[in-house]
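A short worksheet on the structure shown next.
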Amino acid sequence: MSDEKAGYELIEHTADVAVKAYGKDLSELFANAALGMFNVMTDTSTVKSVGEYTVEVESADLEGLLVDWLSELLYLFDTQEVFLREFDVTIDGNKLTASVRGEKLDRERHPLKSDVKAATYHMLEINEEEGYVIVLLDI
């Protein structure tokens, strides 16, 4: 299932799902991976960008940074019940800073699709040269 406008596609994988995100640089790759993850959870076109949150993550390497970034967004969803749809990401070495926007979960407007439990290192791939990342989500 591909959504070229969104910059990612979903790849079915046994009981899980992988997001293959595309972008011109790491910031866009990480932003599109996040959008893909939230689209596994709901239809993000139903989410309004009314609340803004700042996210900061630092890891030992880029792979860890991607997993930690998505994990931090899942933590924000779990603790604040907020669906996110816009991600302004800045990456400096192994540090990521982002301004993310979305809104509180509204079960009448936000169809719940899958519960994403975690972003995993299984099948994780970051290919800056070809402009894609792949991350497997545990659902």
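Chain labels run A, B, ... following the order of the structure tokens; each chain numbers its residues from 1, and ligands are numbered from 1 in the order shown.
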
Report task. Mind the document's chain letters and residue numbers, and return as a PyMOL selection string the residues of chain A that DSSP labels strand (DSSP E or B). Result -> chain A and resi 2-3+8-13+16-22+51-58+82-92+95-104+118-119+125-127+132-138

Query - Non-local contacts of Asn127 (chain A) (12 Å; only C-alpha atoms; under 5 positions in same chain excluded) as a count of residues only - result: 15

Query - Residues within 7 Å of region 69-85 of chain A, only C-alpha atoms, excluding chain neighbours under 5 positions, as a ChimeraX atom specification - result: /A:34-35,38,44,47,49,57,100-105,118-119

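For the pair CA of Thr97 (chain A) and CA of Glu130 (chain A), the separation is 23.4 Å.
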
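Computed from the coordinates, the CA of Pro111 (chain A) to CA of Ala31 (chain A) distance equals 21.7 Å.
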
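For Leu137 (chain A), the non-local neighbours within 7 Å, defined as residues at least 6 positions apart in the same chain or in other chains and counting only C-alpha atoms, are Asp16, Val17, Ala18, Val116, Ala118, Ala119 and Thr120 of chain A.
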
Dump as a PDB file, in the first residue's frame, selection limited to C-alpha atoms:
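File produced: out.pdb:
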ATOM      1  CA  ASP A  16       3.608  -6.706  12.123  1.00  0.00           C
ATOM      2  CA  VAL A  17       3.870  -3.883   9.597  1.00  0.00           C
ATOM      3  CA  ALA A  18       6.909  -2.078   8.210  1.00  0.00           C
ATOM      4  CA  VAL A 116       1.422   0.145  17.517  1.00  0.00           C
ATOM      5  CA  ALA A 118       6.843  -0.400  19.475  1.00  0.00           C
ATOM      6  CA  ALA A 119       9.302   0.520  16.754  1.00  0.00           C
ATOM      7  CA  THR A 120      11.856  -2.280  16.452  1.00  0.00           C
TER       8      THR A 120
END
